[in-house]
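**Student:** Below is a structure I'd like to ask you about.
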Amino acid sequence: MKAADLAELTTAQKKVNALRLDFPLLNKPLTFGGKPRPLVYFDNANTTQKPRQVIGALVSYYENSNANVSRAIHSLGEESTRIYEGARDRVKSFLNAAHREEIIFTRGTTDSINLVAQSFTSLLKSGDEIMVTEMEHHANLVPWQMAAQSLGLTIKVLPFTDEGVLQIEKMPDLWSDRIRLVAVTATSNVLGTVNPVAEIIRFAHERGVPVLVDGAQSVAHQKVDVQALDCDFLAFGSHKMCGPTGFGILYGKKEWLEKLPPVQGGGNMIRAVWADHFETNVLPYKFEAGTPHMDGAAGFSVALDYLESVGLDFIYRYEKLLLAYTMDKVGDLPGLHVYGVAPEKGGILSFLIDGIHAHDLAAFLDTKGIAIRAGHHCAHPLARRLGVVSTARASFYFYNTMAEVDLFSDALREAIAKLS
Ligand code: PMP
């Protein structure tokens with residue numbers, strides 16, 4: 001990496017080390033391989049650790065505000081509703097959405113995408129087409145395949161290069177006037193590639209087609225402004241961005257959400273019910289059947305405050321620098337194969353080392369206190385395209401440090417000596 005970048009990364013360690021103090025699990029004495037060692041948590045694409053501010057918000061919700069939302073007349077119910085609806089305003093401002101009704105609370109990215117896929121089918125008929133990419137997580141593939149199976153739709157797949165760059169130049173060739181929706185990940189959870197989503201959206205919109213963006217790996221790592229991006233739907237989850245598990249967001253443009261029917265029936269999504277029919281509630285409630293994840297909303301709101309105080313631009317830049325530093329440290333390892341070397345890339349390193357199975361490598365690193373993921377990363381078509389069954393994946397967040405990368409580099413060298 002360039003000397004100026006190294007200096008910038010080195011300077012940033014002070015800020016990062018101060019932030020780390022907010023994360024109980026990063027500061028706990030733990031035992032790995034029979035020895036007390038600090039945790040080196042490089043599995044952030046899977047889920048992130050939580051700062052004490054978020055943990056505190058969850059505890060505080062239950063200690064001070066717990067009651068069911070919406071229909072409550074009593075004070076505590078009103079307080080809980082205030083927190084829950086306040087979280088909606090918080091997400092609206094975080095995304096710069098035009099209307100609070102465009103923010104639907106879900107269980108996570110997968111739930112958000114399934115909601116759109118199930119609802120959108122009401123607008124489709126046999127012979128219609130959905131365009132996805134070859135680097136999608138199963139969560140942004142299988143829901144469309146399920147819709148395709150039940151309705152007789154065709155799935156069109158945009159490929160990527162050996163470097164892991166999406167071949168958007170192939171969009172015109174693959175395009176047809178039967179395409180009804182494009183579903184694309186903003187950042188690949190395996191390759192780390194940051195896709196030119198704005199360009200894809202422009203291309204689809206010129207042809208009158210909406211775009212759903214899977215933001216699971218992007219919203220936590222860079223500033224996403226839904227109005228500037230002009231996406232029609234954006235799905236992401238709280239647990240990959242310092243927030244509680246089981247809570248997520250579906251952003252949808254009002255004009256689309258108004259057109260789409262609800263997919264779940266029950267409390268909150270109704271305006272009135274008779275024995276044989278019902279009237280649907282207004283947005284956003286029409287997509288929020290049942291008692292929601294109130295504590296999730298309370299915690300997520302604080303997670304967004306936390307991320308904005310760290311700075312989304314800082315996070316994006318820092319992870320890029322840390323990845324460059326990592327490549328300087330491990331790039332020359334004998335037998336190393338890196339999957340995904342796109343010029344626009346987030347802090348995700350998927351790799352294999354000749355003669356070592358990804359799972360053996362992950363197990364070995366675990367004895368050193370280093371948590372990485374090994375497997376297909378819920379992206380079978382991508383793995384097939386790469387010609388691998390599994391890869392090892394180290395994925396960073398803003399609280400990872402150069403010192404941790406040094407430990408990772410040493411551990412990989414030891415693994416090569418002992419396992420390959
Ligand atoms: N899309 C992408 C790109 C992901 O990385 C993930 C999580 N690995 C998902 C969707 C699904 O997220 P969740 O399991 O939190 O619903």
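Following the order of the structure tokens, chains are lettered A, B, ..., residues in each are numbered from 1, and ligands are numbered from 1.
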Could you pull out the residues sitting within 10 Å of ligand 1, using only C-alpha atoms and all ligand atoms, and write them as a ChimeraX atom specification?
**Tutor:** /A:44-47,106-114,135-141,184-190,192,213-218,235-240,245-248,377-379
**Student:** Residues of the last selection are to be written out with N, CA and C atoms, as a compact mmCIF listing (two decimals), in the first residue's frame.
**Tutor:**
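Result file follows (part19.txt):
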# COMPACT_ATOMS: atom_id res chain seq x y z
N ASN A 44 -17.25 -10.57 10.42
CA ASN A 44 -18.23 -9.49 10.49
C ASN A 44 -19.26 -9.50 9.37
N ALA A 45 -18.92 -10.15 8.24
CA ALA A 45 -19.92 -10.25 7.17
C ALA A 45 -21.05 -11.18 7.61
N ASN A 46 -20.76 -12.01 8.59
CA ASN A 46 -21.72 -12.96 9.14
C ASN A 46 -22.62 -12.25 10.14
N THR A 47 -22.01 -11.70 11.17
CA THR A 47 -22.72 -10.80 12.09
C THR A 47 -21.66 -9.98 12.80
N THR A 106 -38.94 -5.49 9.53
CA THR A 106 -39.01 -6.92 9.23
C THR A 106 -38.11 -7.68 10.20
N ARG A 107 -37.91 -8.96 9.91
CA ARG A 107 -37.02 -9.77 10.76
C ARG A 107 -35.57 -9.72 10.29
N GLY A 108 -35.32 -9.18 9.09
CA GLY A 108 -33.94 -9.13 8.59
C GLY A 108 -33.93 -9.05 7.08
N THR A 109 -32.73 -9.14 6.51
CA THR A 109 -32.59 -9.03 5.05
C THR A 109 -33.42 -10.09 4.34
N THR A 110 -33.26 -11.34 4.78
CA THR A 110 -33.96 -12.45 4.13
C THR A 110 -35.46 -12.22 4.16
N ASP A 111 -35.96 -11.81 5.32
CA ASP A 111 -37.40 -11.57 5.47
C ASP A 111 -37.85 -10.43 4.55
N SER A 112 -37.04 -9.38 4.46
CA SER A 112 -37.40 -8.23 3.61
C SER A 112 -37.51 -8.64 2.15
N ILE A 113 -36.54 -9.43 1.68
CA ILE A 113 -36.55 -9.83 0.27
C ILE A 113 -37.72 -10.78 0.00
N ASN A 114 -37.96 -11.69 0.95
CA ASN A 114 -39.09 -12.61 0.77
C ASN A 114 -40.42 -11.85 0.72
N MET A 135 -23.62 -13.41 -8.41
CA MET A 135 -22.95 -13.31 -7.11
C MET A 135 -23.94 -13.11 -5.96
N GLU A 136 -25.22 -13.45 -6.20
CA GLU A 136 -26.21 -13.23 -5.14
C GLU A 136 -26.07 -14.25 -4.00
N HIS A 137 -26.34 -13.76 -2.81
CA HIS A 137 -26.58 -14.63 -1.64
C HIS A 137 -27.89 -15.37 -1.91
N HIS A 138 -28.01 -16.56 -1.38
CA HIS A 138 -29.25 -17.34 -1.60
C HIS A 138 -30.50 -16.55 -1.21
N ALA A 139 -30.34 -15.64 -0.24
CA ALA A 139 -31.50 -14.85 0.22
C ALA A 139 -32.05 -13.96 -0.88
N ASN A 140 -31.21 -13.62 -1.87
CA ASN A 140 -31.69 -12.79 -2.98
C ASN A 140 -31.78 -13.60 -4.26
N LEU A 141 -31.95 -14.89 -4.11
CA LEU A 141 -32.02 -15.77 -5.28
C LEU A 141 -33.19 -16.73 -5.12
N VAL A 184 -30.38 -7.15 -7.12
CA VAL A 184 -28.91 -7.17 -7.15
C VAL A 184 -28.35 -6.83 -5.78
N THR A 185 -27.25 -7.51 -5.45
CA THR A 185 -26.58 -7.18 -4.19
C THR A 185 -25.67 -5.97 -4.39
N ALA A 186 -25.66 -5.07 -3.41
CA ALA A 186 -24.81 -3.89 -3.51
C ALA A 186 -23.35 -4.28 -3.31
N THR A 187 -23.12 -5.19 -2.37
CA THR A 187 -21.76 -5.68 -2.10
C THR A 187 -21.82 -7.19 -1.92
N SER A 188 -20.94 -7.90 -2.62
CA SER A 188 -20.93 -9.36 -2.52
C SER A 188 -20.37 -9.80 -1.17
N ASN A 189 -21.07 -10.72 -0.52
CA ASN A 189 -20.60 -11.20 0.79
C ASN A 189 -19.43 -12.16 0.67
N VAL A 190 -19.08 -12.57 -0.57
CA VAL A 190 -17.95 -13.48 -0.76
C VAL A 190 -16.78 -12.73 -1.40
N GLY A 192 -16.56 -9.44 -1.95
CA GLY A 192 -16.36 -8.08 -1.45
C GLY A 192 -16.62 -7.02 -2.50
N VAL A 213 -32.41 -3.71 -4.16
CA VAL A 213 -31.00 -3.79 -3.78
C VAL A 213 -30.89 -4.57 -2.48
N ASP A 214 -30.06 -5.62 -2.48
CA ASP A 214 -29.73 -6.34 -1.26
C ASP A 214 -28.59 -5.57 -0.59
N GLY A 215 -28.94 -4.88 0.50
CA GLY A 215 -27.96 -4.03 1.16
C GLY A 215 -27.33 -4.67 2.39
N ALA A 216 -27.47 -6.00 2.51
CA ALA A 216 -26.97 -6.68 3.72
C ALA A 216 -25.51 -6.36 4.01
N GLN A 217 -24.69 -6.26 2.94
CA GLN A 217 -23.25 -6.03 3.15
C GLN A 217 -22.84 -4.61 2.81
N SER A 218 -23.79 -3.73 2.55
CA SER A 218 -23.39 -2.38 2.17
C SER A 218 -23.84 -1.31 3.16
N ALA A 235 -33.13 -3.85 1.00
CA ALA A 235 -33.31 -4.79 2.11
C ALA A 235 -32.01 -4.88 2.90
N PHE A 236 -32.12 -4.79 4.23
CA PHE A 236 -30.94 -5.01 5.07
C PHE A 236 -31.36 -5.36 6.49
N GLY A 237 -30.38 -5.84 7.26
CA GLY A 237 -30.68 -6.32 8.61
C GLY A 237 -29.86 -5.58 9.65
N SER A 238 -30.35 -5.60 10.87
CA SER A 238 -29.70 -4.87 11.96
C SER A 238 -28.45 -5.57 12.49
N HIS A 239 -28.45 -6.93 12.46
CA HIS A 239 -27.39 -7.64 13.18
C HIS A 239 -26.02 -7.54 12.53
N LYS A 240 -25.98 -7.13 11.25
CA LYS A 240 -24.68 -6.95 10.59
C LYS A 240 -24.19 -5.51 10.73
N THR A 245 -30.20 -8.88 16.77
CA THR A 245 -30.59 -9.88 15.76
C THR A 245 -32.12 -9.90 15.62
N GLY A 246 -32.57 -10.49 14.53
CA GLY A 246 -34.01 -10.69 14.33
C GLY A 246 -34.76 -9.42 13.97
N PHE A 247 -34.03 -8.39 13.54
CA PHE A 247 -34.68 -7.13 13.18
C PHE A 247 -34.07 -6.63 11.88
N GLY A 248 -34.90 -6.15 10.99
CA GLY A 248 -34.38 -5.66 9.71
C GLY A 248 -35.30 -4.65 9.09
N HIS A 377 -20.72 -19.82 2.00
CA HIS A 377 -21.22 -18.48 2.31
C HIS A 377 -22.59 -18.23 1.70
N CYS A 378 -23.41 -19.28 1.64
CA CYS A 378 -24.79 -19.16 1.12
C CYS A 378 -24.80 -18.56 -0.29
N ALA A 379 -23.85 -18.98 -1.12
CA ALA A 379 -23.81 -18.48 -2.49
C ALA A 379 -23.31 -19.61 -3.40
**Student:** Tell me, which residues of range 181-416 of chain A carry DSSP helix (DSSP H, G or I), written as a PyMOL selection string?
**Tutor:** chain A and resi 197-206+226-229+254-259+285-287+294-310+312-330+358-367+380-386+402-416
**Student:** Restricting the calculation to only C-alpha atoms, which member of A:Val194, A:Leu95, A:Val219, A:Leu124 is positioned closest to Gly347 in chain A?
**Tutor:**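 The answer is A:Val194, which sits nearest to Gly347 in chain A.
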**Student:** Report, in Å to a single decimal, how far apart CA of Met241 in chain A and CA of Asp5 in chain A are.
**Tutor:**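 Computing it gives 25.3 Å between the two atoms.
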**Student:** List every residue of range 311-413 of chain A that DSSP, applied to the backbone of this structure, places in strand (DSSP E or B), and write the result as a PDB file with N, CA, C and O atoms, in the first residue's frame.
**Tutor:**
ATOM      1  N   LEU A 336      -1.345 -19.119  -1.849  1.00  0.00           N
ATOM      2  CA  LEU A 336      -2.562 -18.340  -1.539  1.00  0.00           C
ATOM      3  C   LEU A 336      -3.340 -18.006  -2.811  1.00  0.00           C
ATOM      4  O   LEU A 336      -2.764 -17.561  -3.801  1.00  0.00           O
ATOM      5  N   HIS A 337      -4.645 -18.243  -2.774  1.00  0.00           N
ATOM      6  CA  HIS A 337      -5.533 -17.830  -3.867  1.00  0.00           C
ATOM      7  C   HIS A 337      -6.596 -16.915  -3.275  1.00  0.00           C
ATOM      8  O   HIS A 337      -7.301 -17.315  -2.348  1.00  0.00           O
ATOM      9  N   VAL A 338      -6.680 -15.701  -3.816  1.00  0.00           N
ATOM     10  CA  VAL A 338      -7.689 -14.750  -3.342  1.00  0.00           C
ATOM     11  C   VAL A 338      -8.832 -14.731  -4.347  1.00  0.00           C
ATOM     12  O   VAL A 338      -8.602 -14.659  -5.557  1.00  0.00           O
ATOM     13  N   TYR A 339     -10.061 -14.786  -3.841  1.00  0.00           N
ATOM     14  CA  TYR A 339     -11.251 -14.765  -4.700  1.00  0.00           C
ATOM     15  C   TYR A 339     -11.928 -13.404  -4.572  1.00  0.00           C
ATOM     16  O   TYR A 339     -12.432 -13.055  -3.508  1.00  0.00           O
ATOM     17  N   LYS A 345     -13.884  -2.539  -3.867  1.00  0.00           N
ATOM     18  CA  LYS A 345     -14.040  -3.722  -3.015  1.00  0.00           C
ATOM     19  C   LYS A 345     -14.074  -3.306  -1.549  1.00  0.00           C
ATOM     20  O   LYS A 345     -13.325  -2.426  -1.133  1.00  0.00           O
ATOM     21  N   ILE A 348     -13.574  -7.461   2.667  1.00  0.00           N
ATOM     22  CA  ILE A 348     -13.849  -8.908   2.692  1.00  0.00           C
ATOM     23  C   ILE A 348     -12.740  -9.620   1.921  1.00  0.00           C
ATOM     24  O   ILE A 348     -12.441  -9.246   0.784  1.00  0.00           O
ATOM     25  N   LEU A 349     -12.127 -10.618   2.561  1.00  0.00           N
ATOM     26  CA  LEU A 349     -11.055 -11.375   1.913  1.00  0.00           C
ATOM     27  C   LEU A 349     -11.429 -12.855   1.906  1.00  0.00           C
ATOM     28  O   LEU A 349     -11.379 -13.517   2.939  1.00  0.00           O
ATOM     29  N   SER A 350     -11.817 -13.350   0.714  1.00  0.00           N
ATOM     30  CA  SER A 350     -12.104 -14.781   0.567  1.00  0.00           C
ATOM     31  C   SER A 350     -10.888 -15.426  -0.070  1.00  0.00           C
ATOM     32  O   SER A 350     -10.348 -14.904  -1.054  1.00  0.00           O
ATOM     33  N   PHE A 351     -10.468 -16.556   0.481  1.00  0.00           N
ATOM     34  CA  PHE A 351      -9.208 -17.136  -0.001  1.00  0.00           C
ATOM     35  C   PHE A 351      -9.138 -18.626   0.285  1.00  0.00           C
ATOM     36  O   PHE A 351      -9.908 -19.171   1.073  1.00  0.00           O
ATOM     37  N   LEU A 352      -8.180 -19.260  -0.398  1.00  0.00           N
ATOM     38  CA  LEU A 352      -7.815 -20.654  -0.112  1.00  0.00           C
ATOM     39  C   LEU A 352      -6.301 -20.720  -0.106  1.00  0.00           C
ATOM     40  O   LEU A 352      -5.626 -19.895  -0.742  1.00  0.00           O
ATOM     41  N   ILE A 353      -5.767 -21.710   0.592  1.00  0.00           N
ATOM     42  CA  ILE A 353      -4.321 -21.953   0.568  1.00  0.00           C
ATOM     43  C   ILE A 353      -4.127 -23.389   0.100  1.00  0.00           C
ATOM     44  O   ILE A 353      -4.792 -24.307   0.627  1.00  0.00           O
ATOM     45  N   ILE A 356      -4.656 -26.940   2.023  1.00  0.00           N
ATOM     46  CA  ILE A 356      -5.357 -26.815   3.317  1.00  0.00           C
ATOM     47  C   ILE A 356      -6.840 -26.602   3.051  1.00  0.00           C
ATOM     48  O   ILE A 356      -7.214 -25.655   2.343  1.00  0.00           O
ATOM     49  N   ILE A 370      -8.722 -16.536  16.462  1.00  0.00           N
ATOM     50  CA  ILE A 370      -9.103 -15.762  15.270  1.00  0.00           C
ATOM     51  C   ILE A 370     -10.346 -16.394  14.647  1.00  0.00           C
ATOM     52  O   ILE A 370     -10.313 -17.549  14.213  1.00  0.00           O
ATOM     53  N   ALA A 371     -11.432 -15.635  14.626  1.00  0.00           N
ATOM     54  CA  ALA A 371     -12.701 -16.147  14.095  1.00  0.00           C
ATOM     55  C   ALA A 371     -12.862 -15.720  12.645  1.00  0.00           C
ATOM     56  O   ALA A 371     -12.956 -14.524  12.343  1.00  0.00           O
ATOM     57  N   ARG A 373     -14.816 -17.246   8.749  1.00  0.00           N
ATOM     58  CA  ARG A 373     -15.842 -18.185   8.305  1.00  0.00           C
ATOM     59  C   ARG A 373     -15.269 -19.039   7.190  1.00  0.00           C
ATOM     60  O   ARG A 373     -14.481 -18.556   6.368  1.00  0.00           O
ATOM     61  N   ALA A 374     -15.695 -20.291   7.129  1.00  0.00           N
ATOM     62  CA  ALA A 374     -15.319 -21.164   6.013  1.00  0.00           C
ATOM     63  C   ALA A 374     -16.581 -21.833   5.501  1.00  0.00           C
ATOM     64  O   ALA A 374     -17.424 -22.258   6.284  1.00  0.00           O
ATOM     65  N   GLY A 375     -16.718 -21.910   4.177  1.00  0.00           N
ATOM     66  CA  GLY A 375     -17.886 -22.572   3.618  1.00  0.00           C
ATOM     67  C   GLY A 375     -18.247 -21.984   2.267  1.00  0.00           C
ATOM     68  O   GLY A 375     -17.409 -21.354   1.619  1.00  0.00           O
ATOM     69  N   THR A 391     -14.660 -21.564   0.590  1.00  0.00           N
ATOM     70  CA  THR A 391     -13.481 -20.704   0.769  1.00  0.00           C
ATOM     71  C   THR A 391     -13.411 -20.296   2.241  1.00  0.00           C
ATOM     72  O   THR A 391     -14.398 -20.405   2.972  1.00  0.00           O
ATOM     73  N   ALA A 392     -12.238 -19.818   2.632  1.00  0.00           N
ATOM     74  CA  ALA A 392     -12.107 -19.185   3.944  1.00  0.00           C
ATOM     75  C   ALA A 392     -12.399 -17.702   3.729  1.00  0.00           C
ATOM     76  O   ALA A 392     -12.069 -17.159   2.677  1.00  0.00           O
ATOM     77  N   ARG A 393     -13.023 -17.069   4.711  1.00  0.00           N
ATOM     78  CA  ARG A 393     -13.352 -15.650   4.531  1.00  0.00           C
ATOM     79  C   ARG A 393     -13.069 -14.869   5.808  1.00  0.00           C
ATOM     80  O   ARG A 393     -13.613 -15.176   6.866  1.00  0.00           O
ATOM     81  N   ALA A 394     -12.209 -13.866   5.661  1.00  0.00           N
ATOM     82  CA  ALA A 394     -11.999 -12.913   6.759  1.00  0.00           C
ATOM     83  C   ALA A 394     -12.747 -11.643   6.368  1.00  0.00           C
ATOM     84  O   ALA A 394     -12.575 -11.153   5.249  1.00  0.00           O
ATOM     85  N   SER A 395     -13.580 -11.148   7.254  1.00  0.00           N
ATOM     86  CA  SER A 395     -14.339  -9.933   6.918  1.00  0.00           C
ATOM     87  C   SER A 395     -14.227  -8.939   8.067  1.00  0.00           C
ATOM     88  O   SER A 395     -14.382  -9.290   9.231  1.00  0.00           O
TER      89      SER A 395
END
**Student:** In terms of the shortest atom-to-atom distance over only C-alpha atoms, which of A:Ile179, A:Asp406, A:Trp144, A:Glu8 is closest to His205 in chain A?
**Tutor:**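 Smallest distance to His205 in chain A is found for A:Ile179.
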**Student:** Just want the 9 Å neighbourhood of range 415-420 of chain A, counted on only C-alpha atoms, with same-chain residues fewer than 6 positions away dropped. Output as number ranges by chain.
**Tutor:** A: 333-335, 353-357, 360-361, 364-365
**Student:** For Pro262 in chain A, work out the shell of residues within 9 Å, counting only C-alpha atoms and skipping chain neighbours fewer than 4 positions away, then give it as a list in words.
**Tutor:**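 The filter keeps Leu115, Gln118, Ser119, Met269, Thr280, Lys286, Phe287, Glu288 and Ala289 of chain A.
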**Student:** I'd like the neighbourhood of range 27-34 of chain A as a PyMOL selection string, where a residue qualifies if any of its atoms comes within 10 Å (using only C-alpha atoms), though same-chain residues fewer than 3 positions away should be ignored.
**Tutor:** chain A and resi 20-24+37-39+363-370
**Student:** Would you kindly return, as a PDB file with all heavy atoms, in the first residue's frame, each protein, DNA or RNA residue with an atom no farther than 9 Å from any atom of Gly164 in chain A, considering only C-alpha atoms and excluding same-chain residues fewer than 2 positions away?
**Tutor:**
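Result written to out-v7.pdb:
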ATOM      1  N   MET A 135     -23.620 -13.413  -8.412  1.00  0.00           N
ATOM      2  CA  MET A 135     -22.948 -13.313  -7.106  1.00  0.00           C
ATOM      3  C   MET A 135     -23.944 -13.112  -5.961  1.00  0.00           C
ATOM      4  O   MET A 135     -23.572 -12.665  -4.887  1.00  0.00           O
ATOM      5  CB  MET A 135     -21.889 -12.203  -7.113  1.00  0.00           C
ATOM      6  CG  MET A 135     -22.391 -10.821  -7.359  1.00  0.00           C
ATOM      7  SD  MET A 135     -21.097  -9.564  -7.085  1.00  0.00           S
ATOM      8  CE  MET A 135     -20.155  -9.628  -8.596  1.00  0.00           C
ATOM      9  N   PHE A 160     -20.243 -12.506 -13.691  1.00  0.00           N
ATOM     10  CA  PHE A 160     -19.108 -11.665 -13.271  1.00  0.00           C
ATOM     11  C   PHE A 160     -17.807 -12.252 -13.813  1.00  0.00           C
ATOM     12  O   PHE A 160     -17.752 -13.421 -14.209  1.00  0.00           O
ATOM     13  CB  PHE A 160     -19.079 -11.497 -11.746  1.00  0.00           C
ATOM     14  CG  PHE A 160     -18.892 -12.768 -10.954  1.00  0.00           C
ATOM     15  CD1 PHE A 160     -17.629 -13.297 -10.700  1.00  0.00           C
ATOM     16  CD2 PHE A 160     -19.993 -13.443 -10.432  1.00  0.00           C
ATOM     17  CE1 PHE A 160     -17.468 -14.464  -9.962  1.00  0.00           C
ATOM     18  CE2 PHE A 160     -19.842 -14.606  -9.686  1.00  0.00           C
ATOM     19  CZ  PHE A 160     -18.567 -15.120  -9.449  1.00  0.00           C
ATOM     20  N   THR A 161     -16.767 -11.405 -13.846  1.00  0.00           N
ATOM     21  CA  THR A 161     -15.482 -11.812 -14.420  1.00  0.00           C
ATOM     22  C   THR A 161     -14.674 -12.638 -13.409  1.00  0.00           C
ATOM     23  O   THR A 161     -15.037 -12.729 -12.231  1.00  0.00           O
ATOM     24  CB  THR A 161     -14.631 -10.582 -14.776  1.00  0.00           C
ATOM     25  OG1 THR A 161     -14.298  -9.922 -13.542  1.00  0.00           O
ATOM     26  CG2 THR A 161     -15.371  -9.617 -15.683  1.00  0.00           C
ATOM     27  N   ASP A 162     -13.545 -13.156 -13.871  1.00  0.00           N
ATOM     28  CA  ASP A 162     -12.655 -13.916 -12.973  1.00  0.00           C
ATOM     29  C   ASP A 162     -12.176 -13.060 -11.799  1.00  0.00           C
ATOM     30  O   ASP A 162     -11.857 -13.580 -10.736  1.00  0.00           O
ATOM     31  CB  ASP A 162     -11.424 -14.419 -13.748  1.00  0.00           C
ATOM     32  CG  ASP A 162     -11.809 -15.500 -14.757  1.00  0.00           C
ATOM     33  OD1 ASP A 162     -12.928 -16.051 -14.626  1.00  0.00           O
ATOM     34  OD2 ASP A 162     -11.013 -15.770 -15.678  1.00  0.00           O
ATOM     35  N   LEU A 166     -18.780  -7.447 -11.723  1.00  0.00           N
ATOM     36  CA  LEU A 166     -20.062  -7.709 -12.375  1.00  0.00           C
ATOM     37  C   LEU A 166     -20.017  -7.194 -13.814  1.00  0.00           C
ATOM     38  O   LEU A 166     -19.585  -6.066 -14.065  1.00  0.00           O
ATOM     39  CB  LEU A 166     -21.167  -6.993 -11.592  1.00  0.00           C
ATOM     40  CG  LEU A 166     -22.588  -7.462 -11.817  1.00  0.00           C
ATOM     41  CD1 LEU A 166     -22.748  -8.939 -11.475  1.00  0.00           C
ATOM     42  CD2 LEU A 166     -23.542  -6.625 -10.961  1.00  0.00           C
ATOM     43  N   LEU A 191     -17.067 -12.035  -2.506  1.00  0.00           N
ATOM     44  CA  LEU A 191     -16.006 -11.384  -3.271  1.00  0.00           C
ATOM     45  C   LEU A 191     -15.640 -10.010  -2.712  1.00  0.00           C
ATOM     46  O   LEU A 191     -14.568  -9.486  -2.991  1.00  0.00           O
ATOM     47  CB  LEU A 191     -16.452 -11.199  -4.732  1.00  0.00           C
ATOM     48  CG  LEU A 191     -16.927 -12.473  -5.441  1.00  0.00           C
ATOM     49  CD1 LEU A 191     -17.681 -12.123  -6.716  1.00  0.00           C
ATOM     50  CD2 LEU A 191     -15.739 -13.372  -5.746  1.00  0.00           C
ATOM     51  N   GLY A 192     -16.564  -9.442  -1.954  1.00  0.00           N
ATOM     52  CA  GLY A 192     -16.359  -8.077  -1.451  1.00  0.00           C
ATOM     53  C   GLY A 192     -16.624  -7.016  -2.500  1.00  0.00           C
ATOM     54  O   GLY A 192     -16.571  -5.818  -2.197  1.00  0.00           O
ATOM     55  N   THR A 193     -16.897  -7.426  -3.723  1.00  0.00           N
ATOM     56  CA  THR A 193     -17.116  -6.478  -4.817  1.00  0.00           C
ATOM     57  C   THR A 193     -18.247  -5.503  -4.485  1.00  0.00           C
ATOM     58  O   THR A 193     -19.330  -5.928  -4.072  1.00  0.00           O
ATOM     59  CB  THR A 193     -17.519  -7.229  -6.114  1.00  0.00           C
ATOM     60  OG1 THR A 193     -16.552  -8.241  -6.352  1.00  0.00           O
ATOM     61  CG2 THR A 193     -17.617  -6.282  -7.291  1.00  0.00           C
ATOM     62  N   TYR A 339     -10.061 -14.786  -3.841  1.00  0.00           N
ATOM     63  CA  TYR A 339     -11.251 -14.765  -4.700  1.00  0.00           C
ATOM     64  C   TYR A 339     -11.928 -13.404  -4.572  1.00  0.00           C
ATOM     65  O   TYR A 339     -12.432 -13.055  -3.508  1.00  0.00           O
ATOM     66  CB  TYR A 339     -12.206 -15.894  -4.318  1.00  0.00           C
ATOM     67  CG  TYR A 339     -11.546 -17.240  -4.543  1.00  0.00           C
ATOM     68  CD1 TYR A 339     -10.848 -17.870  -3.512  1.00  0.00           C
ATOM     69  CD2 TYR A 339     -11.554 -17.832  -5.794  1.00  0.00           C
ATOM     70  CE1 TYR A 339     -10.193 -19.070  -3.722  1.00  0.00           C
ATOM     71  CE2 TYR A 339     -10.901 -19.035  -6.020  1.00  0.00           C
ATOM     72  CZ  TYR A 339     -10.222 -19.643  -4.982  1.00  0.00           C
ATOM     73  OH  TYR A 339      -9.565 -20.824  -5.202  1.00  0.00           O
ATOM     74  N   GLY A 340     -11.860 -12.646  -5.668  1.00  0.00           N
ATOM     75  CA  GLY A 340     -12.446 -11.311  -5.652  1.00  0.00           C
ATOM     76  C   GLY A 340     -11.375 -10.244  -5.512  1.00  0.00           C
ATOM     77  O   GLY A 340     -10.907  -9.974  -4.403  1.00  0.00           O
ATOM     78  N   VAL A 341     -10.979  -9.685  -6.662  1.00  0.00           N
ATOM     79  CA  VAL A 341      -9.966  -8.616  -6.624  1.00  0.00           C
ATOM     80  C   VAL A 341     -10.476  -7.417  -7.427  1.00  0.00           C
ATOM     81  O   VAL A 341      -9.705  -6.749  -8.123  1.00  0.00           O
ATOM     82  CB  VAL A 341      -8.592  -9.112  -7.157  1.00  0.00           C
ATOM     83  CG1 VAL A 341      -7.962 -10.072  -6.184  1.00  0.00           C
ATOM     84  CG2 VAL A 341      -8.726  -9.769  -8.535  1.00  0.00           C
ATOM     85  N   ALA A 342     -11.764  -7.155  -7.329  1.00  0.00           N
ATOM     86  CA  ALA A 342     -12.348  -6.017  -8.052  1.00  0.00           C
ATOM     87  C   ALA A 342     -11.738  -4.727  -7.532  1.00  0.00           C
ATOM     88  O   ALA A 342     -11.422  -4.628  -6.340  1.00  0.00           O
ATOM     89  CB  ALA A 342     -13.861  -6.000  -7.839  1.00  0.00           C
TER      90      ALA A 342
END
**Student:** Figure out the distance between CA of Ala228 in chain A and CA of Ala117 in chain A, please, to one decimal in Å.
**Tutor:**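 Separating CA of Ala117 in chain A from CA of Ala228 in chain A is a distance of 23.9 Å.
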**Student:** Looking at only C-alpha atoms, which of A:Met327, A:Ile83, A:Cys242, A:Val211 is the one that sits closest to Gln49 in chain A?
**Tutor:**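 Selected residue with least distance to Gln49 in chain A: A:Cys242.
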**Student:** Nearest to Tyr41 in chain A: which of A:Ala147, A:Leu25, A:Ala98, A:Val165 is it, counting only C-alpha atoms?
**Tutor:**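 Closest residue, counting only C-alpha atoms: A:Leu25.
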**Student:** Rounded to one decimal place, report the CA of Ser309 in chain A-CA of Val54 in chain A distance in Å.
**Tutor:** 13.3 Å
